[in-house]
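Chemist: Following this line is start-v6.csv, made up of CSV, C-alpha atoms:
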```
chain,number,residue,atom,x,y,z
A,1052,MET,CA,12.0,-18.4,4.5
A,1053,MET,CA,12.8,-14.7,4.0
A,1054,LYS,CA,13.3,-13.3,0.5
A,1055,LEU,CA,14.5,-9.7,0.0
A,1056,ARG,CA,13.3,-7.4,-2.7
A,1057,LYS,CA,15.6,-4.4,-2.7
A,1058,SER,CA,14.4,-0.9,-3.6
A,1059,ASP,CA,16.7,-0.5,-6.6
A,1060,ALA,CA,15.5,-3.8,-8.1
A,1061,ARG,CA,12.0,-2.4,-8.6
A,1062,GLY,CA,10.7,-1.2,-11.9
A,1063,HIS,CA,10.8,2.6,-12.6
A,1064,THR,CA,8.5,4.9,-14.6
A,1065,GLN,CA,9.5,8.5,-14.9
A,1066,ILE,CA,7.8,11.2,-16.9
A,1067,ASP,CA,7.5,15.0,-16.5
A,1068,TRP,CA,4.9,14.8,-13.7
A,1069,LEU,CA,5.2,11.2,-12.3
A,1070,ASP,CA,8.0,9.3,-10.7
A,1071,SER,CA,6.8,5.8,-9.9
A,1072,ARG,CA,8.6,2.7,-8.6
A,1073,HIS,CA,6.9,-0.7,-9.2
A,1074,SER,CA,7.4,-3.6,-6.8
A,1075,PHE,CA,5.6,-5.9,-9.3
A,1076,SER,CA,5.1,-6.1,-13.0
A,1077,PHE,CA,3.0,-3.1,-14.1
A,1078,GLY,CA,2.5,-1.1,-17.3
A,1079,GLN,CA,5.7,-0.8,-19.3
A,1080,TYR,CA,7.6,-2.7,-16.6
A,1081,MET,CA,7.3,-6.3,-17.6
A,1082,ALA,CA,8.7,-8.7,-15.0
A,1083,PRO,CA,7.3,-12.2,-15.4
A,1084,GLU,CA,9.2,-13.3,-12.2
A,1085,HIS,CA,7.5,-10.5,-10.2
A,1086,MET,CA,3.8,-10.8,-11.0
A,1087,GLY,CA,2.7,-10.3,-7.4
A,1088,PHE,CA,2.8,-12.1,-4.1
A,1089,ARG,CA,-0.2,-14.3,-3.2
A,1090,ALA,CA,-3.3,-12.0,-3.7
A,1091,LEU,CA,-1.1,-8.9,-3.6
A,1092,ARG,CA,-0.8,-7.8,-7.2
A,1093,VAL,CA,0.6,-4.2,-7.2
A,1094,ILE,CA,2.6,-1.8,-5.0
A,1095,ASN,CA,3.3,1.4,-6.9
A,1096,ASP,CA,5.3,4.0,-5.0
A,1097,ASP,CA,4.1,7.2,-6.7
A,1098,ARG,CA,5.3,10.8,-6.6
A,1099,VAL,CA,3.0,13.2,-8.5
A,1100,ALA,CA,3.9,16.8,-9.3
A,1101,PRO,CA,1.7,19.7,-8.1
A,1102,GLY,CA,-1.4,20.1,-10.2
A,1103,GLN,CA,-0.9,16.9,-12.1
A,1104,GLY,CA,-2.4,13.4,-11.9
A,1105,PHE,CA,-4.1,10.5,-13.5
A,1106,GLY,CA,-7.0,11.4,-15.8
A,1107,THR,CA,-10.2,9.4,-15.9
A,1108,HIS,CA,-9.6,5.7,-16.6
A,1109,GLY,CA,-11.3,2.4,-15.8
A,1110,HIS,CA,-10.7,-0.7,-13.7
A,1111,ARG,CA,-12.5,-4.1,-13.3
A,1112,ASP,CA,-12.3,-6.9,-10.7
A,1113,MET,CA,-9.5,-5.4,-8.5
A,1114,GLU,CA,-9.3,-4.1,-4.9
A,1115,ILE,CA,-7.4,-0.8,-5.1
A,1116,LEU,CA,-6.1,0.8,-2.0
A,1117,THR,CA,-4.4,4.2,-1.7
A,1118,TYR,CA,-2.1,5.1,1.2
A,1119,VAL,CA,-0.9,8.7,1.3
A,1120,LEU,CA,2.6,9.4,2.7
A,1121,SER,CA,2.7,13.1,2.1
A,1122,GLY,CA,0.5,15.7,0.3
A,1123,ALA,CA,-3.0,14.9,-0.9
A,1124,LEU,CA,-5.0,13.4,-3.7
A,1125,ALA,CA,-8.3,14.6,-5.1
A,1126,HIS,CA,-10.4,11.6,-6.2
A,1127,LYS,CA,-13.5,11.5,-8.5
A,1128,ASP,CA,-15.3,8.4,-9.7
A,1129,SER,CA,-18.2,7.1,-11.7
A,1130,LEU,CA,-20.1,6.3,-8.4
A,1131,GLY,CA,-20.4,10.1,-7.9
A,1132,THR,CA,-17.7,10.1,-5.2
A,1133,GLY,CA,-15.6,13.3,-4.9
A,1134,SER,CA,-13.1,13.3,-2.0
A,1135,THR,CA,-9.6,14.4,-1.0
A,1136,ILE,CA,-7.4,11.8,0.4
A,1137,LEU,CA,-5.0,13.3,3.1
A,1138,ARG,CA,-2.1,12.1,5.1
A,1139,GLY,CA,-3.6,9.7,7.7
A,1140,ASP,CA,-6.4,8.5,5.4
A,1141,VAL,CA,-6.7,5.1,3.8
A,1142,GLN,CA,-8.9,4.8,0.7
A,1143,VAL,CA,-10.1,1.6,-0.9
A,1144,MET,CA,-12.1,1.1,-4.1
A,1145,SER,CA,-13.6,-2.2,-5.3
A,1146,ALA,CA,-13.6,-2.0,-9.1
A,1147,GLY,CA,-15.8,-5.0,-9.4
A,1148,THR,CA,-18.0,-5.0,-12.5
A,1149,GLY,CA,-16.4,-1.7,-13.6
A,1150,ILE,CA,-15.5,1.7,-12.3
A,1151,ARG,CA,-13.9,4.8,-13.7
A,1152,HIS,CA,-12.0,7.3,-11.7
A,1153,SER,CA,-9.4,10.1,-11.7
A,1154,GLU,CA,-6.7,11.1,-9.1
A,1155,PHE,CA,-5.0,14.5,-9.1
A,1156,ASN,CA,-2.6,16.3,-6.8
A,1157,PRO,CA,-4.7,19.4,-5.8
A,1158,SER,CA,-1.8,21.4,-4.5
A,1159,SER,CA,-0.2,24.1,-6.7
A,1160,ALA,CA,3.1,23.8,-4.8
A,1161,GLU,CA,3.5,20.5,-3.0
A,1162,PRO,CA,4.2,17.1,-4.6
A,1163,ALA,CA,2.0,14.1,-3.5
A,1164,HIS,CA,3.7,10.9,-2.4
A,1165,PHE,CA,1.5,7.8,-2.0
A,1166,LEU,CA,1.4,4.0,-2.4
A,1167,GLN,CA,-1.2,2.5,-4.7
A,1168,ILE,CA,-1.8,-1.1,-3.8
A,1169,TRP,CA,-3.9,-3.6,-5.7
A,1170,PHE,CA,-5.3,-7.0,-4.5
A,1171,LEU,CA,-7.0,-9.6,-6.5
A,1172,PRO,CA,-10.5,-9.9,-5.1
A,1173,ASP,CA,-11.9,-13.1,-3.5
A,1174,ARG,CA,-14.4,-13.2,-6.3
A,1175,ASN,CA,-15.1,-11.3,-9.6
A,1176,GLY,CA,-18.3,-9.4,-10.4
A,1177,LEU,CA,-18.6,-7.5,-7.1
A,1178,PRO,CA,-20.6,-4.2,-7.1
A,1179,PRO,CA,-18.2,-1.3,-7.3
A,1180,ARG,CA,-17.7,0.5,-4.0
A,1181,TYR,CA,-15.7,3.3,-2.4
A,1182,GLU,CA,-14.5,3.6,1.2
A,1183,GLN,CA,-12.2,6.1,3.0
A,1184,LYS,CA,-11.3,6.3,6.6
A,1185,GLN,CA,-8.8,8.0,8.9
A,1186,VAL,CA,-6.4,5.6,10.6
A,1187,PRO,CA,-4.2,6.4,13.6
A,1188,VAL,CA,-0.8,5.5,12.1
A,1189,VAL,CA,0.4,9.2,12.4
A,1190,THR,CA,-1.4,10.1,15.6
A,1191,GLU,CA,-0.4,6.9,17.5
A,1192,PRO,CA,3.1,6.1,16.4
A,1193,GLY,CA,5.2,3.3,17.9
A,1194,ARG,CA,3.1,0.3,16.9
A,1195,LEU,CA,1.4,-1.5,14.0
A,1196,HIS,CA,-2.3,-0.7,13.3
A,1197,LEU,CA,-4.7,-2.8,11.3
A,1198,ILE,CA,-5.8,-0.5,8.5
A,1199,GLY,CA,-7.4,-3.0,6.0
A,1200,SER,CA,-9.1,-6.4,6.4
A,1201,GLN,CA,-11.7,-8.7,4.9
A,1202,ASP,CA,-14.2,-8.1,7.7
A,1203,GLY,CA,-13.4,-4.4,8.4
A,1204,ARG,CA,-12.6,-5.2,12.1
A,1205,ASP,CA,-11.0,-2.7,14.4
A,1206,GLY,CA,-12.1,0.3,12.2
A,1207,SER,CA,-10.1,-0.9,9.2
A,1208,VAL,CA,-11.3,-0.5,5.6
A,1209,VAL,CA,-12.9,-3.6,4.0
A,1210,ILE,CA,-10.8,-5.4,1.4
A,1211,HIS,CA,-12.6,-8.2,-0.5
A,1212,GLN,CA,-9.7,-10.7,0.0
A,1213,ASP,CA,-8.3,-12.8,2.9
A,1214,VAL,CA,-5.7,-10.2,3.9
A,1215,ALA,CA,-4.9,-8.2,7.0
A,1216,LEU,CA,-2.9,-5.0,6.2
A,1217,HIS,CA,-1.0,-3.4,9.1
A,1218,ALA,CA,0.9,-0.1,9.0
A,1219,GLY,CA,3.0,1.7,11.6
A,1220,ARG,CA,5.0,4.8,12.1
A,1221,LEU,CA,8.0,3.9,14.2
A,1222,ARG,CA,10.5,6.2,15.9
A,1223,PRO,CA,14.2,5.3,16.4
A,1224,GLY,CA,14.4,2.4,18.7
A,1225,ASP,CA,10.7,1.5,18.6
A,1226,LYS,CA,9.9,-2.2,18.4
A,1227,ALA,CA,6.8,-3.8,17.0
A,1228,GLU,CA,5.9,-7.5,16.5
A,1229,LEU,CA,3.3,-9.4,14.5
A,1230,ILE,CA,2.6,-13.0,15.0
A,1231,ARG,CA,0.8,-14.7,12.1
A,1232,ALA,CA,-1.3,-17.9,12.1
A,1233,PRO,CA,0.6,-21.0,10.8
A,1234,GLY,CA,0.4,-21.3,7.1
A,1235,ARG,CA,0.0,-17.6,6.4
A,1236,HIS,CA,2.4,-15.5,4.3
A,1237,ALA,CA,3.7,-12.0,4.7
A,1238,TRP,CA,5.0,-9.2,2.6
A,1239,VAL,CA,6.8,-6.3,4.5
A,1240,HIS,CA,7.3,-3.0,2.7
A,1241,VAL,CA,9.4,-0.1,4.1
A,1242,ALA,CA,7.7,3.0,2.8
A,1243,GLU,CA,10.1,5.4,4.6
A,1244,GLY,CA,13.2,5.2,6.8
A,1245,SER,CA,15.1,2.2,7.9
A,1246,VAL,CA,14.3,-0.9,10.1
A,1247,THR,CA,15.6,-4.2,11.1
A,1248,LEU,CA,13.2,-7.1,10.4
A,1249,ASN,CA,14.1,-10.3,12.2
A,1250,GLY,CA,17.6,-8.9,12.4
A,1251,VAL,CA,18.0,-8.0,8.7
A,1252,THR,CA,18.2,-4.3,7.7
A,1253,LEU,CA,15.6,-3.0,5.3
A,1254,ASP,CA,15.9,0.6,4.0
A,1255,GLU,CA,13.3,2.8,2.3
A,1256,GLY,CA,11.7,1.0,-0.6
A,1257,ASP,CA,13.0,-2.4,0.4
A,1258,ALA,CA,10.6,-5.3,1.0
A,1259,SER,CA,10.7,-8.9,2.2
A,1260,SER,CA,8.5,-11.9,1.8
A,1261,PHE,CA,7.9,-14.6,4.4
A,1262,GLY,CA,6.4,-18.0,4.8
A,1263,ALA,CA,7.9,-19.1,8.1
A,1264,PRO,CA,8.6,-18.0,10.8
A,1265,GLU,CA,5.3,-16.8,12.0
A,1266,LYS,CA,6.8,-14.0,14.2
A,1267,LEU,CA,7.9,-10.8,12.5
A,1268,ALA,CA,10.0,-8.5,14.8
A,1269,LEU,CA,10.6,-4.9,13.7
A,1270,MET,CA,13.0,-2.4,15.2
A,1271,ALA,CA,13.3,1.1,13.8
A,1272,ARG,CA,16.8,2.3,12.9
A,1273,SER,CA,15.4,5.8,12.1
A,1274,GLU,CA,12.0,7.3,11.9
A,1275,CYS,CA,10.2,5.1,9.5
A,1276,GLU,CA,6.9,3.8,8.1
A,1277,VAL,CA,6.3,0.1,7.5
A,1278,LEU,CA,3.4,-1.8,5.9
A,1279,VAL,CA,2.9,-5.5,6.7
A,1280,PHE,CA,0.6,-7.6,4.5
A,1281,ASP,CA,-0.6,-10.8,6.2
A,1282,LEU,CA,-2.0,-13.0,3.4
A,1283,ALA,CA,-3.6,-16.4,2.9
```
When written as structure tokens, how does the structure in this file appear?
Modeler:
Amino acid sequence: MMKLRKSDARGHTQIDWLDSRHSFSFGQYMAPEHMGFRALRVINDDRVAPGQGFGTHGHRDMEILTYVLSGALAHKDSLGTGSTILRGDVQVMSAGTGIRHSEFNPSSAEPAHFLQIWFLPDRNGLPPRYEQKQVPVVTEPGRLHLIGSQDGRDGSVVIHQDVALHAGRLRPGDKAELIRAPGRHAWVHVAEGSVTLNGVTLDEGDASSFGAPEKLALMARSECEVLVFDLA
């Protein structure tokens, strides 16, 4: 069964340096009916002004993934990691027993646009960890790529949860399919552009959840970027 979550139904936080849309209950956006989907807890669609960002703060027992759509983010954490996350990179951080980090837009001119995605871990008390990889979503458009998984297969980053996260950059008319194992669930999020999903139009910021059917068929109506979460 397909359930739509339209872009304008999301929560919204706007301050002088941050414009954020929340697919699920987060911060000041309290939505008991939207507390997540399966192990997927947060999708925040964030736009951060030049030279601004999130100061040092802490997390525990959460798998936190950052997916940059444009611009860049400078990351520092209590593990001693210092890195810049660019377009084409995927970063994941296991908060585990506790981690502190900051994220800033290092540009003095360009805004940063990214998705911050949280998963409940498969177990609490994990050692904190950091991982960042380049993925071929931009360099190899026209299909879905596995960018995150429980076992790190096919060059994906490791997420401590039974999830397979796919992402694709599609050009107008491009088609992509994903067939899930019976009993799995899916959340499809359109990060940019417009697609049809099993014949239903989804525009930028729209999402849809699925139980059955197992086959998801995408066709790009414009240049677009789509994330597909395959969940237990």
Chemist: Just to confirm, what's the straight-line distance from CA of Met1081 in chain A to CA of Ser1058 in chain A in Å (one decimal)?
Modeler: 16.6 Å
Chemist: Hey, what's within 12 Å of Ala1146 in chain A if we count all atoms listed in the file and toss same-chain stuff fewer than 6 positions away? As a list in words, please?
Modeler: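 Final neighbour list, sorted by chain and number: His1108, Gly1109, His1110, Arg1111, Asp1112, Met1113, Glu1114, Ile1115, Leu1116, Asp1128, Ser1129, Leu1130, His1152, Trp1169, Phe1170, Leu1171, Pro1172, Arg1174, Asn1175, Gly1176, Leu1177, Pro1178, Pro1179, Arg1180, Tyr1181, Glu1182, Ile1210 and His1211 of chain A.
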Chemist: Which residue is closest to Ser1200 in chain A? Choose from A:Pro1223, A:Phe1280, A:His1126, A:His1240 and count only C-alpha atoms.
Modeler: A:Phe1280
Chemist: Measuring atom to atom with all atoms listed in the file, identify which of A:Ala1268, A:Arg1098, A:Gly1193, A:Val1186 is nearest to Asp1205 in chain A.
Modeler: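 That would be A:Val1186, the residue with the smallest distance to Asp1205 in chain A.
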Chemist: Show me the residues around (13.7, -2.9, 2.4) - criterion: an atom at most 8 Å away, all atoms listed in the file counted - as a list in words.
Modeler: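 Here the neighbourhood of the point contains Leu1055, Arg1056, Lys1057, Ser1058, Val1239, His1240, Val1241, Ser1245, Val1246, Thr1252, Leu1253, Asp1254, Glu1255, Gly1256, Asp1257, Ala1258 and Ser1259 of chain A.
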Chemist: What's around Ala1283 in chain A at 12 Å? Count only C-alpha atoms, leave out sequence neighbours fewer than 2 positions away in its own chain, and write the answer as a list in words.
Modeler: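 Selected residues are Phe1088, Arg1089, Ala1090, Leu1091, Asp1173, Ser1200, Gln1201, Gln1212, Asp1213, Val1214, Ala1215, Leu1216, Arg1231, Ala1232, Pro1233, Gly1234, Arg1235, His1236, Ala1237, Trp1238, Phe1261, Gly1262, Phe1280 and Asp1281 of chain A.
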Chemist: Would you please work out which residue, of A:Met1270, A:Leu1248, A:Val1099, A:Val1143, is nearest to Thr1117 in chain A when using only C-alpha atoms?
Modeler: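 Counting only C-alpha atoms, the residue closest to Thr1117 in chain A is A:Val1143.
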Chemist: In Å, rounded to a single decimal, give me how far CA of Tyr1118 in chain A is from CA of Arg1222 in chain A.
Modeler: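 Those two atoms sit 19.4 Å apart.
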Chemist: Could you check the closest approach to His1217 in chain A for each of A:Leu1278, A:Val1189, A:Ile1168, A:Ala1271 and tell me which residue wins, using all atoms listed in the file?
Modeler: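 Closest to His1217 in chain A of all the choices is A:Leu1278.
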Chemist: Of the residues A:Gln1079, A:Ser1121, A:Ser1134, A:Gln1103, which is the one nearest to Asp1067 in chain A, using all atoms listed in the file?
Modeler: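 Among A:Gln1079, A:Ser1121, A:Ser1134, A:Gln1103, it is A:Gln1103 that comes nearest to Asp1067 in chain A.
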Chemist: What is the CA of Val1119 in chain A-CA of Pro1162 in chain A distance in Å, reported with one decimal?
Modeler: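 It comes out at 11.5 Å.
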Chemist: Please provide as a list in words all residues within 9 Å of range 1070-1075 of chain A, with the sequence filter that same-chain residues fewer than 6 positions apart are discarded (counting all atoms listed in the file).
Modeler: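 Final neighbour list, sorted by chain and number: Arg1056, Ser1058, Asp1059, Ala1060, Arg1061, Gly1062, His1063, Thr1064, Met1081, Ala1082, Pro1083, Glu1084, His1085, Met1086, Gly1087, Phe1088, Arg1092, Val1093, Ile1094, Asn1095, Asp1096, Asp1097, Arg1098, Val1099, Ala1100, Gly1256 and Ala1258 of chain A.
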